[in-house]
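K.L.:
Contents of data_3.cif (mmCIF, C-alpha atoms and all ligand atoms) are below:
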```cif
data_upload
#
loop_
_atom_site.label_atom_id
_atom_site.label_comp_id
_atom_site.auth_asym_id
_atom_site.auth_seq_id
_atom_site.Cartn_x
_atom_site.Cartn_y
_atom_site.Cartn_z
CA MET U 1 5.10 -3.29 -19.29
CA ALA U 2 4.53 -6.94 -20.19
CA SER U 3 4.40 -6.12 -23.93
CA ARG U 4 7.95 -4.76 -23.84
CA PRO U 5 10.87 -7.07 -24.57
CA ILE U 6 12.41 -8.84 -21.61
CA VAL U 7 16.04 -7.78 -21.11
CA VAL U 8 16.88 -9.57 -17.85
CA GLU U 9 15.44 -12.78 -16.50
CA THR U 10 16.59 -15.01 -13.68
CA GLN U 11 15.09 -18.30 -12.55
CA GLN U 12 15.94 -19.81 -9.20
CA LEU U 13 19.33 -18.15 -9.34
CA LYS U 14 21.64 -19.33 -6.58
CA LYS U 15 25.15 -18.29 -5.68
CA THR U 16 27.37 -20.06 -3.20
CA TYR U 17 30.86 -18.93 -2.25
CA ASN U 18 33.25 -21.65 -1.20
CA LEU U 19 35.44 -20.53 1.65
CA GLY U 20 37.96 -23.33 1.85
CA THR U 21 37.33 -27.05 1.73
CA GLU U 22 34.40 -27.38 4.08
CA LYS U 23 32.79 -23.99 4.40
CA ALA U 24 30.34 -22.84 1.77
CA VAL U 25 28.07 -19.83 2.07
CA GLU U 26 24.96 -19.53 -0.06
CA VAL U 27 24.33 -15.82 -0.62
CA LEU U 28 21.51 -16.00 -3.19
CA HIS U 29 18.98 -18.74 -2.40
CA GLY U 30 16.82 -18.66 -5.52
CA VAL U 31 16.31 -15.28 -7.15
CA ASP U 32 13.51 -14.92 -9.69
CA MET U 33 13.28 -11.63 -11.52
CA VAL U 34 12.33 -10.06 -14.83
CA ALA U 35 13.27 -6.61 -16.14
CA TYR U 36 11.80 -5.11 -19.30
CA ALA U 37 13.35 -2.79 -21.89
CA GLY U 38 13.58 0.78 -20.63
CA GLU U 39 12.80 -0.04 -17.01
CA PHE U 40 14.70 1.72 -14.26
CA ILE U 41 14.93 -0.60 -11.29
CA ALA U 42 16.46 0.13 -7.90
CA ILE U 43 18.00 -2.76 -5.98
CA ILE U 44 18.21 -2.26 -2.26
CA GLY U 45 19.18 -4.40 0.71
CA GLN U 46 21.41 -4.36 3.73
CA SER U 47 25.17 -4.43 3.48
CA GLY U 48 26.26 -8.01 2.72
CA SER U 49 22.81 -9.05 1.46
CA GLY U 50 24.11 -9.96 -2.01
CA LYS U 51 23.44 -6.91 -4.20
CA SER U 52 26.92 -6.85 -5.76
CA THR U 53 26.84 -10.63 -6.10
CA LEU U 54 23.66 -10.36 -8.18
CA LEU U 55 25.03 -7.46 -10.23
CA ASN U 56 28.26 -9.35 -10.94
CA ILE U 57 26.29 -12.31 -12.31
CA LEU U 58 23.99 -10.13 -14.41
CA GLY U 59 27.07 -8.22 -15.57
CA ALA U 60 28.59 -11.48 -16.90
CA LEU U 61 31.48 -11.06 -14.47
CA ASP U 62 30.62 -14.13 -12.41
CA GLN U 63 28.63 -17.34 -12.95
CA PRO U 64 25.65 -18.55 -10.93
CA THR U 65 26.10 -21.75 -8.90
CA GLU U 66 22.61 -22.97 -9.81
CA GLY U 67 19.63 -21.68 -11.76
CA GLY U 68 19.63 -19.48 -14.80
CA ALA U 69 20.23 -15.86 -15.78
CA TRP U 70 19.44 -14.53 -19.24
CA ILE U 71 20.50 -11.19 -20.71
CA ASP U 72 18.56 -10.29 -23.83
CA GLY U 73 17.82 -13.99 -24.33
CA THR U 74 21.38 -15.26 -23.85
CA GLU U 75 21.94 -17.57 -20.91
CA ILE U 76 25.02 -16.51 -18.97
CA GLY U 77 25.73 -20.05 -17.77
CA SER U 78 26.11 -21.24 -21.38
CA LEU U 79 29.01 -18.88 -22.15
CA ASP U 80 32.76 -19.40 -21.81
CA SER U 81 34.99 -16.49 -20.82
CA LEU U 82 35.21 -15.24 -24.41
CA GLY U 83 31.43 -15.36 -24.73
CA LEU U 84 31.04 -13.50 -21.45
CA ALA U 85 33.44 -10.78 -22.62
CA LYS U 86 31.52 -10.47 -25.89
CA LEU U 87 28.22 -10.17 -24.02
CA ARG U 88 29.71 -7.46 -21.79
CA GLY U 89 31.05 -5.54 -24.80
CA GLN U 90 27.88 -5.77 -26.87
CA LYS U 91 24.97 -5.73 -24.46
CA LEU U 92 26.11 -4.26 -21.16
CA GLY U 93 27.21 -0.96 -19.69
CA PHE U 94 28.64 -0.37 -16.23
CA VAL U 95 28.60 2.62 -13.91
CA PHE U 96 30.37 2.42 -10.56
CA GLN U 97 30.48 4.54 -7.44
CA PHE U 98 33.91 5.79 -8.47
CA HIS U 99 34.03 6.83 -12.09
CA HIS U 100 37.34 5.07 -12.98
CA LEU U 101 38.01 7.59 -15.75
CA LEU U 102 41.55 7.84 -17.09
CA GLU U 103 42.84 11.23 -16.01
CA GLU U 104 45.36 11.66 -18.80
CA PHE U 105 42.65 11.33 -21.45
CA THR U 106 39.93 13.76 -22.46
CA CYS U 107 36.24 13.39 -21.76
CA LEU U 108 35.55 12.23 -25.35
CA GLU U 109 38.51 9.83 -25.36
CA ASN U 110 37.33 8.26 -22.10
CA VAL U 111 33.82 7.82 -23.41
CA LEU U 112 35.11 6.11 -26.55
CA MET U 113 37.52 3.85 -24.66
CA PRO U 114 35.29 0.71 -24.42
CA VAL U 115 34.31 0.76 -28.12
CA SER U 116 37.93 1.56 -29.05
CA ILE U 117 39.17 -1.47 -27.13
CA GLN U 118 36.47 -3.66 -28.66
CA LYS U 119 36.96 -2.58 -32.25
CA GLY U 120 40.59 -1.45 -32.25
CA GLY U 121 39.47 2.17 -32.65
CA PRO U 122 36.17 4.04 -32.77
CA GLU U 123 34.20 4.24 -36.00
CA PRO U 124 32.94 7.69 -37.10
CA SER U 125 29.41 6.60 -36.09
CA ASP U 126 30.67 5.81 -32.55
CA THR U 127 32.24 9.24 -32.23
CA ALA U 128 29.09 10.91 -33.55
CA TYR U 129 26.92 8.93 -31.11
CA ALA U 130 29.25 9.67 -28.18
CA LYS U 131 29.09 13.40 -28.97
CA GLU U 132 25.29 13.22 -29.19
CA LEU U 133 25.12 11.56 -25.76
CA LEU U 134 27.62 14.00 -24.24
CA ASP U 135 25.46 16.83 -25.56
CA ARG U 136 22.41 15.11 -24.03
CA VAL U 137 24.02 15.13 -20.58
CA GLY U 138 25.18 18.75 -20.94
CA LEU U 139 28.86 18.11 -21.61
CA SER U 140 29.22 19.29 -25.21
CA SER U 141 31.56 22.09 -24.09
CA GLN U 142 33.79 19.62 -22.19
CA LEU U 143 34.66 17.14 -24.95
CA HIS U 144 38.36 17.94 -25.05
CA LYS U 145 38.85 18.61 -21.35
CA ARG U 146 40.91 16.17 -19.35
CA THR U 147 38.69 14.46 -16.86
CA ASN U 148 40.76 15.52 -13.83
CA GLN U 149 39.74 19.09 -14.67
CA MET U 150 36.04 18.28 -14.39
CA SER U 151 33.71 18.41 -11.38
CA GLY U 152 32.57 15.19 -9.66
CA GLY U 153 29.12 15.44 -11.27
CA GLN U 154 30.64 16.04 -14.72
CA GLN U 155 32.96 13.08 -14.25
CA GLN U 156 30.06 10.82 -13.33
CA ARG U 157 28.02 12.06 -16.30
CA THR U 158 31.04 11.19 -18.46
CA ALA U 159 31.06 7.71 -16.91
CA ILE U 160 27.35 7.32 -17.72
CA VAL U 161 27.94 8.22 -21.36
CA ARG U 162 30.91 5.80 -21.44
CA ALA U 163 28.48 3.06 -20.29
CA LEU U 164 26.07 3.92 -23.12
CA THR U 165 28.33 4.44 -26.14
CA ASN U 166 28.20 0.75 -27.18
CA ARG U 167 24.39 0.99 -27.25
CA PRO U 168 23.84 -1.56 -24.44
CA ARG U 169 20.55 -3.23 -23.61
CA LEU U 170 21.31 -3.15 -19.88
CA VAL U 171 23.26 -0.78 -17.65
CA LEU U 172 24.36 -2.01 -14.25
CA ALA U 173 24.97 0.85 -11.86
CA ASP U 174 26.49 0.09 -8.46
CA GLU U 175 25.93 3.07 -6.15
CA PRO U 176 26.40 5.50 -9.05
CA THR U 177 25.65 8.57 -6.92
CA GLY U 178 27.32 7.32 -3.74
CA ASN U 179 30.37 9.54 -4.16
CA LEU U 180 28.48 12.74 -5.04
CA ASP U 181 26.92 15.46 -2.90
CA SER U 182 23.13 15.22 -2.74
CA ARG U 183 22.49 17.88 -5.41
CA SER U 184 24.88 16.40 -7.99
CA GLY U 185 23.65 12.92 -7.05
CA ALA U 186 20.04 13.92 -7.71
CA GLU U 187 21.02 15.48 -11.06
CA VAL U 188 22.98 12.43 -12.17
CA PHE U 189 20.14 10.15 -11.09
CA ALA U 190 17.54 12.24 -12.98
CA LEU U 191 19.68 12.07 -16.12
CA MET U 192 20.04 8.29 -15.92
CA ARG U 193 16.31 7.98 -15.35
CA GLU U 194 15.46 10.11 -18.40
CA ILE U 195 18.02 8.41 -20.64
CA ALA U 196 16.73 4.95 -19.72
CA ARG U 197 13.32 6.00 -20.97
CA GLU U 198 14.54 7.86 -24.07
CA LEU U 199 16.90 5.12 -25.27
CA GLY U 200 14.85 2.15 -24.03
CA VAL U 201 17.84 0.94 -22.00
CA THR U 202 17.17 -1.04 -18.83
CA PHE U 203 18.95 0.20 -15.71
CA LEU U 204 19.55 -1.85 -12.58
CA MET U 205 20.82 0.52 -9.91
CA VAL U 206 22.07 -0.58 -6.51
CA THR U 207 21.51 2.18 -3.99
CA HIS U 208 21.41 2.82 -0.26
CA ASP U 209 19.52 6.07 -0.88
CA ASP U 210 15.81 5.52 -0.15
CA ARG U 211 14.77 8.72 -1.90
CA LEU U 212 16.45 7.69 -5.15
CA ALA U 213 15.02 4.18 -4.87
CA ALA U 214 11.53 5.64 -4.43
CA ALA U 215 11.94 7.52 -7.72
CA ALA U 216 12.73 4.35 -9.72
CA ASP U 217 10.06 2.50 -11.73
CA ARG U 218 10.35 -0.46 -9.39
CA ILE U 219 12.23 -1.35 -6.22
CA LEU U 220 13.57 -4.85 -5.58
CA ARG U 221 14.93 -5.69 -2.14
CA ILE U 222 17.35 -8.51 -1.43
CA GLU U 223 16.56 -10.01 1.92
CA ASP U 224 17.72 -13.31 3.35
CA GLY U 225 19.01 -14.40 -0.07
CA TYR U 226 15.73 -13.73 -1.91
CA LEU U 227 14.69 -10.83 -4.11
CA ASN U 228 11.29 -9.32 -3.40
CA GLU U 229 9.40 -6.48 -5.01
CA VAL U 230 8.81 -3.51 -2.71
CA TYR U 231 5.41 -1.99 -3.39
CA LYS U 232 5.51 1.79 -3.22
N1 LIG U 301 34.32 -13.59 -3.61
C1 LIG U 301 33.71 -13.86 -2.46
N2 LIG U 301 34.09 -14.90 -1.71
C2 LIG U 301 33.47 -15.21 -0.56
N3 LIG U 301 32.43 -14.51 -0.06
C3 LIG U 301 32.00 -13.45 -0.75
C4 LIG U 301 32.62 -13.06 -1.98
N4 LIG U 301 31.96 -11.95 -2.45
C5 LIG U 301 31.00 -11.68 -1.55
N5 LIG U 301 31.02 -12.56 -0.53
C6 LIG U 301 30.08 -12.58 0.60
O1 LIG U 301 28.77 -12.63 0.09
C7 LIG U 301 27.89 -11.81 0.85
C8 LIG U 301 27.23 -10.79 -0.05
O2 LIG U 301 28.19 -9.86 -0.50
P1 LIG U 301 27.83 -8.69 -1.54
O3 LIG U 301 29.09 -7.94 -1.80
O4 LIG U 301 27.11 -9.26 -2.69
O5 LIG U 301 26.84 -7.80 -0.65
P2 LIG U 301 26.25 -6.35 -0.91
O6 LIG U 301 24.78 -6.42 -0.62
O7 LIG U 301 26.65 -5.87 -2.25
O8 LIG U 301 26.97 -5.49 0.22
P3 LIG U 301 27.34 -3.92 0.30
O9 LIG U 301 26.04 -3.16 0.37
O10 LIG U 301 28.11 -3.81 1.57
O11 LIG U 301 28.17 -3.60 -0.92
C9 LIG U 301 28.74 -11.20 1.96
O12 LIG U 301 28.56 -11.98 3.11
C10 LIG U 301 30.14 -11.31 1.43
O13 LIG U 301 31.06 -11.45 2.50
#
```
Can the structure in the file be given as structure tokens, please?
P.N.:
Amino acid sequence: MASRPIVVETQQLKKTYNLGTEKAVEVLHGVDMVAYAGEFIAIIGQSGSGKSTLLNILGALDQPTEGGAWIDGTEIGSLDSLGLAKLRGQKLGFVFQFHHLLEEFTCLENVLMPVSIQKGGPEPSDTAYAKELLDRVGLSSQLHKRTNQMSGGQQQRTAIVRALTNRPRLVLADEPTGNLDSRSGAEVFALMREIARELGVTFLMVTHDDRLAAAADRILRIEDGYLNEVYK
């Protein structure tokens, strides 16, 4: 794995939330991690341990209080809000527990939404790539269906393709199967796992599901503000 490019790196990453004038709570005490291209990593930890806090920083949605975080060589702390938005648009994809698809748009339109917003409209190559990915996840017959007419698993597969259409280096997935029954959840997970490998995209997936975590390449557990590798 060490010969593959590094996509995510953090060094002594700390995050403190200020709760008023005197109270401050340090949630991340000094997280050191590295993730390589194409790795599928599960992040586990108890509720309130800081999983979303870490994902928000790596997703360029929040800044660390101390320490550094690099995405594909770019240090998040060095970017202003425009730079953060650019990083999100060019290098990152997001999948959430709830798909957040727009019901009045079709599957294909939803998938093209992020690149459309970024570029003021999709280019033919974006549409072609989106169709290729939708075919890959078994949705080629659903392109023109409105997303409220799709099953939960189909909606989440649409959301996964939406996260990949800008050809990101890193996909951050926060409980991506949490809203699905166990069969659909397992299918969606298997697809993400395969796609990570095929496209060389790194996935960081927060999950409370031990079975899914066990099927990842690596498991990292946040405990007491630190991130530790769990050896399987
Ligand atoms: N914006 C904020 N302001 C103040 N405290 C916050 C903020 N966001 C999170 N926290 C606190 O930081 C801690 C970690 O929260 P976080 O959401 O990262 O945990 P989590 O591991 O993702 O939890 P869960 O599994 O329940 O989603 C919690 O104690 C939470 O209350």
K.L.:
Could you check which of U:Ala173, U:Ile41, U:Leu180, U:Ile117 is closest to ligand LIG 301 (chain U), using all atoms listed in the file?
P.N.:
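Of the candidates, the smallest distance to ligand LIG 301 (chain U) is held by U:Ala173.
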K.L.:
Quick one: contact table of chain U to ligand LIG 301 (chain U), 9 Å max, nearest atom pair and distance in Å to one decimal per residue, counting all atoms listed in the file, chain and number order, as JSON lines?
P.N.:
```
{"residue": "U:Lys15", "atom": "CA", "partner": "U:LIG301", "partner_atom": "O1", "distance": 8.9}
{"residue": "U:Thr16", "atom": "CA", "partner": "U:LIG301", "partner_atom": "N3", "distance": 8.1}
{"residue": "U:Tyr17", "atom": "CA", "partner": "U:LIG301", "partner_atom": "C2", "distance": 4.8}
{"residue": "U:Asn18", "atom": "CA", "partner": "U:LIG301", "partner_atom": "C2", "distance": 6.5}
{"residue": "U:Leu19", "atom": "CA", "partner": "U:LIG301", "partner_atom": "C2", "distance": 6.1}
{"residue": "U:Ala24", "atom": "CA", "partner": "U:LIG301", "partner_atom": "C2", "distance": 8.6}
{"residue": "U:Val25", "atom": "CA", "partner": "U:LIG301", "partner_atom": "N3", "distance": 7.2}
{"residue": "U:Glu26", "atom": "CA", "partner": "U:LIG301", "partner_atom": "O1", "distance": 7.9}
{"residue": "U:Val27", "atom": "CA", "partner": "U:LIG301", "partner_atom": "O1", "distance": 5.5}
{"residue": "U:Leu28", "atom": "CA", "partner": "U:LIG301", "partner_atom": "C8", "distance": 8.3}
{"residue": "U:Ile44", "atom": "CA", "partner": "U:LIG301", "partner_atom": "O6", "distance": 7.9}
{"residue": "U:Gly45", "atom": "CA", "partner": "U:LIG301", "partner_atom": "O6", "distance": 6.1}
{"residue": "U:Gln46", "atom": "CA", "partner": "U:LIG301", "partner_atom": "O9", "distance": 5.8}
{"residue": "U:Ser47", "atom": "CA", "partner": "U:LIG301", "partner_atom": "O9", "distance": 3.5}
{"residue": "U:Gly48", "atom": "CA", "partner": "U:LIG301", "partner_atom": "O5", "distance": 3.4}
{"residue": "U:Ser49", "atom": "CA", "partner": "U:LIG301", "partner_atom": "O6", "distance": 3.9}
{"residue": "U:Gly50", "atom": "CA", "partner": "U:LIG301", "partner_atom": "O4", "distance": 3.2}
{"residue": "U:Lys51", "atom": "CA", "partner": "U:LIG301", "partner_atom": "O6", "distance": 3.9}
{"residue": "U:Ser52", "atom": "CA", "partner": "U:LIG301", "partner_atom": "O7", "distance": 3.7}
{"residue": "U:Thr53", "atom": "CA", "partner": "U:LIG301", "partner_atom": "O4", "distance": 3.7}
{"residue": "U:Leu54", "atom": "CA", "partner": "U:LIG301", "partner_atom": "O4", "distance": 6.6}
{"residue": "U:Leu55", "atom": "CA", "partner": "U:LIG301", "partner_atom": "O4", "distance": 8.0}
{"residue": "U:Asn56", "atom": "CA", "partner": "U:LIG301", "partner_atom": "O4", "distance": 8.3}
{"residue": "U:Asp174", "atom": "CA", "partner": "U:LIG301", "partner_atom": "O11", "distance": 8.6}
{"residue": "U:Glu175", "atom": "CA", "partner": "U:LIG301", "partner_atom": "O11", "distance": 8.8}
{"residue": "U:Val206", "atom": "CA", "partner": "U:LIG301", "partner_atom": "O7", "distance": 8.2}
{"residue": "U:Thr207", "atom": "CA", "partner": "U:LIG301", "partner_atom": "O9", "distance": 8.2}
{"residue": "U:His208", "atom": "CA", "partner": "U:LIG301", "partner_atom": "O9", "distance": 7.6}
{"residue": "U:Ile222", "atom": "CA", "partner": "U:LIG301", "partner_atom": "O6", "distance": 7.8}
{"residue": "U:Gly225", "atom": "CA", "partner": "U:LIG301", "partner_atom": "C8", "distance": 9.0}
```
K.L.:
To one decimal in Å, tell me the separation between CA of Glu198 (chain U) and CA of Gln90 (chain U).
P.N.:
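About the pair CA of Glu198 (chain U) and CA of Gln90 (chain U): they are 19.3 Å apart.
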K.L.:
What box, with edges along x, y and z, holds each listed atom of region 163-174 of chain U when 8 Å is added on every side, and can you state its centre and edge lengths in Å to one decimal, as AutoDock Vina command-line options?
P.N.:
```
--center_x 24.5 --center_y 0.6 --center_z -17.9 --size_x 23.9 --size_y 23.7 --size_z 34.8
```
K.L.:
What gap, in Å, lies between CA of Ala35 (chain U) and CA of Ile6 (chain U)?
P.N.:
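Going from CA of Ala35 (chain U) over to CA of Ile6 (chain U), I get 6.0 Å.
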K.L.:
Pick from U:Ala69, U:Ala128, U:Leu79, U:Val115: nearest to Arg162 (chain U), with all atoms listed in the file counted?
P.N.:
U:Val115
K.L.:
Residues at most 12 Å from region 212-214 of chain U, counting all atoms listed in the file, excluding those fewer than 4 positions away in the same chain, as a PyMOL selection string?
P.N.:
chain U and resi 40-45+175-178+182-183+185-190+192-193+204-208+218-221+230-232
K.L.:
Residues within 7 Å of (19.7, -0.8, -21.6), file coordinates, counting all atoms listed in the file: what are they? Give the list as a list in words.
P.N.:
Ala37, Gly38, Pro168, Arg169, Leu170, Val171, Ala196, Gly200, Val201, Thr202 and Phe203 of chain U
K.L.:
Just how far from CA of Val31 (chain U) is CA of Ile71 (chain U), in Å to one decimal?
P.N.:
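If I compute the distance from CA of Ile71 (chain U) to CA of Val31 (chain U), I get 14.8 Å.
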